[in-house]
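S.K.: Dropping the structure in here first, questions after.
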Amino acid sequence: MKITKSCIHHLLSSFCVILTVNQLANAQSNEAHSSKEKIPYSKPISKKNKNSTPVKSPKKSKQAEQKPSDSGLSKDVLFKLTASDIALQRGEWQGPFVTIMGLAQQTSDPRLAKRAAEIAMSARQINESMAAVRLWRELAPNSQEADQYYLSLLEIKNDYLAMESFFGELLKKSSAEEKPNLIHQAQRSLNRTNNKQAALVSLEKILASEPNSIDRHIAISRAAYRADDIERAQQEAKAALALEPSSELAILTLANASDKADAFELVADFLKRYPNAKEVRLAYATMLMDSKQFALAKAEFLSFLKDPNKTTLSKAQTLHTLATIEMEMGQLDTAESYFKQLLSAFGKDEDNSTAYIGLAQIALQRNDKQSADTWLSKIESDDGKNPAWFTIQMRRALLMASEQKFLQARQFLQTITARQDKEQVLLLQTEAQIMRDAGQSTEAFVLLQMALSEFPRSAELLYDFAMLAESMKHYPEMEMALKQLIQIAPNNALAYNALGYSYADRNVQLDEALALIEAANQLSPNDPYILDSLGWVKYRLKQFTDAEKYIRLSLGMRQDADVSVHLAEILWVQSKKEEALQLFAAARKKDPNNALLKSTLERLELNLP
């Protein structure tokens, strides 16, 4: 099944124009590295990740950071720096890098070494970056910032030996109070490398000479879990608990390495023994939500609201979670009450967008689009500092279009100014979507063509253009756009799936279609849309048993009319006509105007009662 992705799906996207070490990592490898490490719980409306701290070296001597050289910069040095800046503005990097590296060596000024590192990183040149950072560390041996740059580059290069040496030296110099934090920093740093097994081995080497401690066991448990060594992960977590039975971090680590049923039992049993364990109780409440036991989850969060000392959540976070639970339970009036209380709970300088978005969602569920727009209009831009504001305006324009106010929606878009390329892309997507909704497909097609001339490497625009081209039966343009998208974003499962499904749906190039959809399935396992596509191409290949298996899996994950129609047709050709007719009827009840249902019934010459 192809996924028609509209602009609404970009509501919480963010953008950064500054080149960072992470962007340098993308140049080193086209594949994103996932940690597979589950988070034991997630705090609603969390504004900061308290665990995301930079690597800190043990406390330095009283000299602390070494200051730059006291010698003044000569006119010759200043001239070379100015010339390098001009060259950089022209898009050159190599000459300025060589010049500033030479000046750093000549003057022994760590600031110049840092500047050379930044130039190399902006150019995504990893070897030159490492050379500059090594010089920086040599000139400023007490610089924690230089250490952080160095470690980030080691992660990108997957240099396990150097990381072992780096953390080994830090641990040798550290005090007993500093060791726990360093142990966990070593684990997190190795977690960002490619080879999960090598990361576990390196961590064990780093910690080999460290005394037996709860932090040592927890760090190894997490590394083992990431390396798919579940038995070892559980053993290490249990060892941590044996050392400190009341450790919340240890029990959450063990729960994280256990299956869902065992995790529930472990956490519930821990709370019986330690009822005041705030983090574990929050984890338990969140687990109840995740398993859709909303009544029990509600009771836990109500207890947090009644006694704030039972949780680490703020009142605003608790109210937001309760409102979300009530919405899941269909209690819109109660949810609305909590969101309004949330507005009062926010501090003067806090972002109240989440409350207004929640109130707008409730209005939409009541089919009150005017009220939804009124709530969304209250969200402030905060002089461009609110990342949600722009996408909310796009949502407002689409709401207008959904009420057939197409001209008003496009006029509203003209009042919105995009501050970044990503916002401009979203603005163009939204306008094209409104044109499509207004039946102006040709105009939307031209608009997206023009947009791609300005942003030829935009994955979002390429995908939207391909889907529009496919709906207009402009198949060559659709195929060209999706193939270009695959080249630009080789990990984009949507692109593989869309192209493969189009081939399968048209009953052409079926071997290629199968390869494309299988690639999508590897990139995004257990996606119901991709499973439907996989089942459909199997059907076209007359592999009916596999086709039925995959589409039943898809339908089990998502009750969709198109998927029901696919399964019904597969069953019909296998003479399983009674169940097929039931599925056709269910699809008609769910979506009476479904185009796929109508075309399938016509093709099979079927008339439903």
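We name chains A, B, ... following the order of the structure tokens; residues begin at 1 in each chain, and ligands are numbered from 1 as shown.
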What lies within 8 Å of Ala568 in chain A using only C-alpha atoms, ignoring chain neighbours under 2 positions off, as a PyMOL selection string?
M.R.: chain A and resi 564-566+570-572+579-581+583-584
S.K.: Suppose we keep N, CA and C atoms; can you now write the selection as a PDB file, in the first residue's frame?
M.R.:
ATOM      1  N   SER A 564      -8.412  -4.408   3.853  1.00  0.00           N
ATOM      2  CA  SER A 564      -9.527  -5.370   3.890  1.00  0.00           C
ATOM      3  C   SER A 564      -9.903  -5.812   2.481  1.00  0.00           C
ATOM      4  N   VAL A 565      -9.928  -4.865   1.542  1.00  0.00           N
ATOM      5  CA  VAL A 565     -10.273  -5.192   0.159  1.00  0.00           C
ATOM      6  C   VAL A 565      -9.201  -6.106  -0.453  1.00  0.00           C
ATOM      7  N   HIS A 566      -7.942  -5.817  -0.181  1.00  0.00           N
ATOM      8  CA  HIS A 566      -6.868  -6.677  -0.689  1.00  0.00           C
ATOM      9  C   HIS A 566      -7.029  -8.114  -0.182  1.00  0.00           C
ATOM     10  N   ILE A 570      -7.855 -11.696  -2.273  1.00  0.00           N
ATOM     11  CA  ILE A 570      -6.978 -12.868  -2.182  1.00  0.00           C
ATOM     12  C   ILE A 570      -7.781 -14.097  -1.733  1.00  0.00           C
ATOM     13  N   LEU A 571      -8.664 -13.902  -0.765  1.00  0.00           N
ATOM     14  CA  LEU A 571      -9.499 -15.010  -0.301  1.00  0.00           C
ATOM     15  C   LEU A 571     -10.487 -15.447  -1.387  1.00  0.00           C
ATOM     16  N   TRP A 572     -11.028 -14.495  -2.128  1.00  0.00           N
ATOM     17  CA  TRP A 572     -12.013 -14.793  -3.169  1.00  0.00           C
ATOM     18  C   TRP A 572     -11.417 -15.711  -4.243  1.00  0.00           C
ATOM     19  N   GLU A 579     -15.760 -15.614   3.831  1.00  0.00           N
ATOM     20  CA  GLU A 579     -14.967 -14.624   4.556  1.00  0.00           C
ATOM     21  C   GLU A 579     -14.672 -13.419   3.670  1.00  0.00           C
ATOM     22  N   ALA A 580     -14.461 -13.672   2.371  1.00  0.00           N
ATOM     23  CA  ALA A 580     -14.195 -12.563   1.451  1.00  0.00           C
ATOM     24  C   ALA A 580     -15.368 -11.599   1.417  1.00  0.00           C
ATOM     25  N   LEU A 581     -16.585 -12.125   1.325  1.00  0.00           N
ATOM     26  CA  LEU A 581     -17.777 -11.267   1.292  1.00  0.00           C
ATOM     27  C   LEU A 581     -17.923 -10.484   2.596  1.00  0.00           C
ATOM     28  N   LEU A 583     -15.472  -9.443   4.477  1.00  0.00           N
ATOM     29  CA  LEU A 583     -14.476  -8.370   4.447  1.00  0.00           C
ATOM     30  C   LEU A 583     -14.887  -7.247   3.502  1.00  0.00           C
ATOM     31  N   PHE A 584     -15.448  -7.613   2.341  1.00  0.00           N
ATOM     32  CA  PHE A 584     -15.934  -6.586   1.426  1.00  0.00           C
ATOM     33  C   PHE A 584     -17.012  -5.734   2.108  1.00  0.00           C
TER      34      PHE A 584
END
S.K.: Skip Glu210 in chain A itself and residues of its chain fewer than 5 positions away, then list as a list in words all residues within 10 Å of it, counting only C-alpha atoms.
M.R.: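 Listed by chain and then number, they are Gly168, Leu171, Lys172, Lys179, Ile183, Glu204, Lys205 and Arg216 of chain A.
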S.K.: Report as a ChimeraX atom specification all protein, DNA and RNA residues lying within 8 Å of range 428-445 of chain A, evaluated on only C-alpha atoms, omitting residues in the same chain fewer than 5 positions from it.
M.R.: /A:6-7,394,397-398,401-402,404,406,409-410,413,451,461,464-465,468-469,472
S.K.: Keeping only N, CA and C atoms, write those residues as a PDB file, in the first residue's frame.
M.R.:
ATOM      1  N   SER A   6       0.832  13.801   3.658  1.00  0.00           N
ATOM      2  CA  SER A   6       0.542  15.230   3.522  1.00  0.00           C
ATOM      3  C   SER A   6       1.404  16.028   4.467  1.00  0.00           C
ATOM      4  N   CYS A   7       1.285  17.347   4.353  1.00  0.00           N
ATOM      5  CA  CYS A   7       2.120  18.235   5.173  1.00  0.00           C
ATOM      6  C   CYS A   7       1.859  18.073   6.662  1.00  0.00           C
ATOM      7  N   MET A 394       0.443  25.833   9.150  1.00  0.00           N
ATOM      8  CA  MET A 394       0.149  24.960   8.011  1.00  0.00           C
ATOM      9  C   MET A 394      -1.089  24.107   8.305  1.00  0.00           C
ATOM     10  N   ALA A 397      -4.179  26.186   7.812  1.00  0.00           N
ATOM     11  CA  ALA A 397      -4.524  26.338   6.395  1.00  0.00           C
ATOM     12  C   ALA A 397      -5.232  25.091   5.873  1.00  0.00           C
ATOM     13  N   LEU A 398      -4.763  23.914   6.283  1.00  0.00           N
ATOM     14  CA  LEU A 398      -5.403  22.678   5.849  1.00  0.00           C
ATOM     15  C   LEU A 398      -6.798  22.519   6.442  1.00  0.00           C
ATOM     16  N   ALA A 401      -9.030  24.504   4.250  1.00  0.00           N
ATOM     17  CA  ALA A 401      -9.270  23.772   2.999  1.00  0.00           C
ATOM     18  C   ALA A 401     -10.257  22.632   3.201  1.00  0.00           C
ATOM     19  N   SER A 402     -10.217  21.993   4.379  1.00  0.00           N
ATOM     20  CA  SER A 402     -11.143  20.880   4.643  1.00  0.00           C
ATOM     21  C   SER A 402     -12.586  21.342   4.710  1.00  0.00           C
ATOM     22  N   GLN A 404     -13.694  23.499   2.487  1.00  0.00           N
ATOM     23  CA  GLN A 404     -13.874  24.002   1.121  1.00  0.00           C
ATOM     24  C   GLN A 404     -13.513  25.477   0.983  1.00  0.00           C
ATOM     25  N   PHE A 406     -10.886  27.052  -0.007  1.00  0.00           N
ATOM     26  CA  PHE A 406      -9.589  26.886  -0.637  1.00  0.00           C
ATOM     27  C   PHE A 406      -8.888  28.228  -0.881  1.00  0.00           C
ATOM     28  N   ALA A 409      -7.697  29.645   2.356  1.00  0.00           N
ATOM     29  CA  ALA A 409      -6.538  28.904   2.858  1.00  0.00           C
ATOM     30  C   ALA A 409      -5.263  29.363   2.165  1.00  0.00           C
ATOM     31  N   ARG A 410      -5.308  29.549   0.839  1.00  0.00           N
ATOM     32  CA  ARG A 410      -4.113  29.974   0.110  1.00  0.00           C
ATOM     33  C   ARG A 410      -3.751  31.421   0.435  1.00  0.00           C
ATOM     34  N   LEU A 413      -1.933  31.366   3.692  1.00  0.00           N
ATOM     35  CA  LEU A 413      -0.532  30.950   3.522  1.00  0.00           C
ATOM     36  C   LEU A 413       0.347  32.114   3.083  1.00  0.00           C
ATOM     37  N   ALA A 451       8.863  23.845  -7.323  1.00  0.00           N
ATOM     38  CA  ALA A 451       9.476  23.728  -5.997  1.00  0.00           C
ATOM     39  C   ALA A 451      10.725  22.857  -6.060  1.00  0.00           C
ATOM     40  N   LEU A 461       9.521  16.879  -0.891  1.00  0.00           N
ATOM     41  CA  LEU A 461       8.945  17.332  -2.155  1.00  0.00           C
ATOM     42  C   LEU A 461       8.973  16.225  -3.206  1.00  0.00           C
ATOM     43  N   ASP A 464       6.091  13.798  -2.374  1.00  0.00           N
ATOM     44  CA  ASP A 464       4.774  14.350  -2.688  1.00  0.00           C
ATOM     45  C   ASP A 464       4.563  14.445  -4.199  1.00  0.00           C
ATOM     46  N   PHE A 465       5.612  14.866  -4.914  1.00  0.00           N
ATOM     47  CA  PHE A 465       5.517  14.958  -6.370  1.00  0.00           C
ATOM     48  C   PHE A 465       5.253  13.574  -6.972  1.00  0.00           C
ATOM     49  N   LEU A 468       1.642  12.510  -6.352  1.00  0.00           N
ATOM     50  CA  LEU A 468       0.713  13.241  -7.212  1.00  0.00           C
ATOM     51  C   LEU A 468       0.813  12.738  -8.647  1.00  0.00           C
ATOM     52  N   ALA A 469       2.034  12.531  -9.124  1.00  0.00           N
ATOM     53  CA  ALA A 469       2.224  12.017 -10.484  1.00  0.00           C
ATOM     54  C   ALA A 469       1.555  10.651 -10.638  1.00  0.00           C
ATOM     55  N   MET A 472      -2.118  10.916 -11.030  1.00  0.00           N
ATOM     56  CA  MET A 472      -2.487  11.449 -12.350  1.00  0.00           C
ATOM     57  C   MET A 472      -2.077  10.495 -13.471  1.00  0.00           C
TER      58      MET A 472
END
S.K.: For Glu164 in chain A, work out the shell of residues within 12 Å, counting only C-alpha atoms and skipping chain neighbours fewer than 6 positions away, then give it as a list in words.
M.R.: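 Here the qualifying residues turn out to be Leu151, Leu154, Glu155, Asn158, Leu170, Leu171, Ile183, Ala186, Gln187, Ser189, Leu190, Ala198, Ala199, Leu200, Val201, Ser202, Leu203, Glu204, Lys205, Ile206, Leu207 and Ala208 of chain A.
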S.K.: What's around Pro245 in chain A at 10 Å? Count only C-alpha atoms, leave out sequence neighbours fewer than 6 positions away in its own chain, and write the answer as number ranges by chain.
M.R.: A: 238-239, 251, 270, 273-274
S.K.: Export, as a PDB file, in the first residue's frame, the selected residues with N, CA, C and O atoms.
M.R.:
ATOM      1  N   LYS A 238      20.913  -8.099  37.381  1.00  0.00           N
ATOM      2  CA  LYS A 238      20.639  -8.808  38.639  1.00  0.00           C
ATOM      3  C   LYS A 238      21.805  -8.663  39.615  1.00  0.00           C
ATOM      4  O   LYS A 238      21.604  -8.544  40.833  1.00  0.00           O
ATOM      5  N   ALA A 239      23.031  -8.657  39.071  1.00  0.00           N
ATOM      6  CA  ALA A 239      24.207  -8.449  39.923  1.00  0.00           C
ATOM      7  C   ALA A 239      24.172  -7.058  40.546  1.00  0.00           C
ATOM      8  O   ALA A 239      24.550  -6.871  41.715  1.00  0.00           O
ATOM      9  N   ILE A 251      16.689  -1.853  38.863  1.00  0.00           N
ATOM     10  CA  ILE A 251      15.453  -2.583  38.535  1.00  0.00           C
ATOM     11  C   ILE A 251      14.922  -2.149  37.177  1.00  0.00           C
ATOM     12  O   ILE A 251      14.414  -2.968  36.402  1.00  0.00           O
ATOM     13  N   PHE A 270       8.795  -4.747  42.890  1.00  0.00           N
ATOM     14  CA  PHE A 270       9.703  -3.754  43.476  1.00  0.00           C
ATOM     15  C   PHE A 270       8.912  -2.682  44.222  1.00  0.00           C
ATOM     16  O   PHE A 270       9.293  -2.245  45.319  1.00  0.00           O
ATOM     17  N   ARG A 273       7.824  -3.557  47.682  1.00  0.00           N
ATOM     18  CA  ARG A 273       8.887  -3.471  48.691  1.00  0.00           C
ATOM     19  C   ARG A 273       9.356  -2.034  48.912  1.00  0.00           C
ATOM     20  O   ARG A 273       9.756  -1.677  50.020  1.00  0.00           O
ATOM     21  N   TYR A 274       9.274  -1.241  47.844  1.00  0.00           N
ATOM     22  CA  TYR A 274       9.749   0.146  47.945  1.00  0.00           C
ATOM     23  C   TYR A 274       8.679   1.072  47.341  1.00  0.00           C
ATOM     24  O   TYR A 274       8.821   1.582  46.235  1.00  0.00           O
TER      25      TYR A 274
END
S.K.: Using only C-alpha atoms, pick whichever of A:Leu78, A:Leu112, A:Leu153, A:Leu139 has the shortest atom-to-atom distance to Ile126 in chain A.
M.R.: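 Between A:Leu78, A:Leu112, A:Leu153, A:Leu139, the residue approaching Ile126 in chain A most closely is A:Leu153.
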S.K.: For Gln543 in chain A, please output as number ranges by chain all residues within 12 Å (counting only C-alpha atoms; exclusion window: fewer than 6 positions along the same chain).
M.R.: A: 514, 534-537, 549-550, 570, 573-574
S.K.: Dump N, CA, C and O atoms for the selected residues as a tab-separated table (two decimals), in the first residue's frame?
M.R.:
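Wrote it out as part-v8.tsv, contents follow:
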chain	number	residue	atom	x	y	z
A	514	LEU	N	9.02	-6.84	-5.99
A	514	LEU	CA	9.27	-7.65	-4.80
A	514	LEU	C	10.57	-7.22	-4.12
A	514	LEU	O	10.62	-7.08	-2.89
A	534	LEU	N	3.76	-6.00	0.58
A	534	LEU	CA	4.44	-7.29	0.42
A	534	LEU	C	3.42	-8.38	0.10
A	534	LEU	O	3.65	-9.23	-0.77
A	535	GLY	N	2.30	-8.35	0.79
A	535	GLY	CA	1.25	-9.31	0.50
A	535	GLY	C	0.68	-9.14	-0.90
A	535	GLY	O	0.41	-10.13	-1.61
A	536	TRP	N	0.54	-7.89	-1.34
A	536	TRP	CA	-0.06	-7.65	-2.65
A	536	TRP	C	0.85	-8.10	-3.78
A	536	TRP	O	0.40	-8.66	-4.78
A	537	VAL	N	2.17	-7.86	-3.65
A	537	VAL	CA	3.07	-8.31	-4.71
A	537	VAL	C	3.15	-9.85	-4.72
A	537	VAL	O	3.28	-10.47	-5.78
A	549	LYS	N	-0.88	-14.38	4.34
A	549	LYS	CA	-0.19	-14.25	5.63
A	549	LYS	C	0.19	-12.79	5.88
A	549	LYS	O	-0.10	-12.25	6.97
A	550	TYR	N	0.83	-12.15	4.91
A	550	TYR	CA	1.32	-10.78	5.13
A	550	TYR	C	0.18	-9.79	5.26
A	550	TYR	O	0.23	-8.86	6.08
A	570	ILE	N	-7.86	-11.70	-2.27
A	570	ILE	CA	-6.98	-12.87	-2.18
A	570	ILE	C	-7.78	-14.10	-1.73
A	570	ILE	O	-7.60	-15.20	-2.26
A	573	VAL	N	-10.17	-15.39	-4.69
A	573	VAL	CA	-9.57	-16.22	-5.74
A	573	VAL	C	-9.17	-17.59	-5.21
A	573	VAL	O	-8.91	-18.50	-6.00
A	574	GLN	N	-9.11	-17.74	-3.87
A	574	GLN	CA	-8.82	-19.05	-3.28
A	574	GLN	C	-10.10	-19.79	-2.89
A	574	GLN	O	-10.07	-20.78	-2.16
S.K.: Name the residues in contact with Ala316 in chain A at a cut-off of 8 Å, using only C-alpha atoms, excluding same-chain residues fewer than 6 positions from it; report them as a PyMOL selection string.
M.R.: chain A and resi 342+345-346
S.K.: Can you spit out the residues from that selection as a compact mmCIF listing (two decimals), in the first residue's frame, using C-alpha atoms?
M.R.:
# COMPACT_ATOMS: atom_id res chain seq x y z
CA LEU A 342 -2.83 22.82 32.19
CA ALA A 345 -0.39 25.42 35.51
CA PHE A 346 2.17 26.65 32.98
S.K.: In Å, how far is it from CA of Glu605 in chain A to CA of Glu578 in chain A?
M.R.: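 Interatomic distance, CA of Glu605 in chain A to CA of Glu578 in chain A: 15.9 Å.
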S.K.: Could you tell me which of A:Thr82, A:Ser314, A:Ser303, A:Ser129 comes closest to Met101 in chain A if we count only C-alpha atoms?
M.R.: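 Smallest distance to Met101 in chain A is found for A:Ser129.
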S.K.: Could you check how far CA of Arg558 in chain A sits from CA of Leu482 in chain A, in Å to one decimal?
M.R.: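 One can read the CA of Arg558 in chain A to CA of Leu482 in chain A distance as 25.3 Å.
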S.K.: Could you state the separation of CA of Arg222 in chain A and CA of Leu288 in chain A in Å, given to one decimal place?
M.R.: 23.2 Å
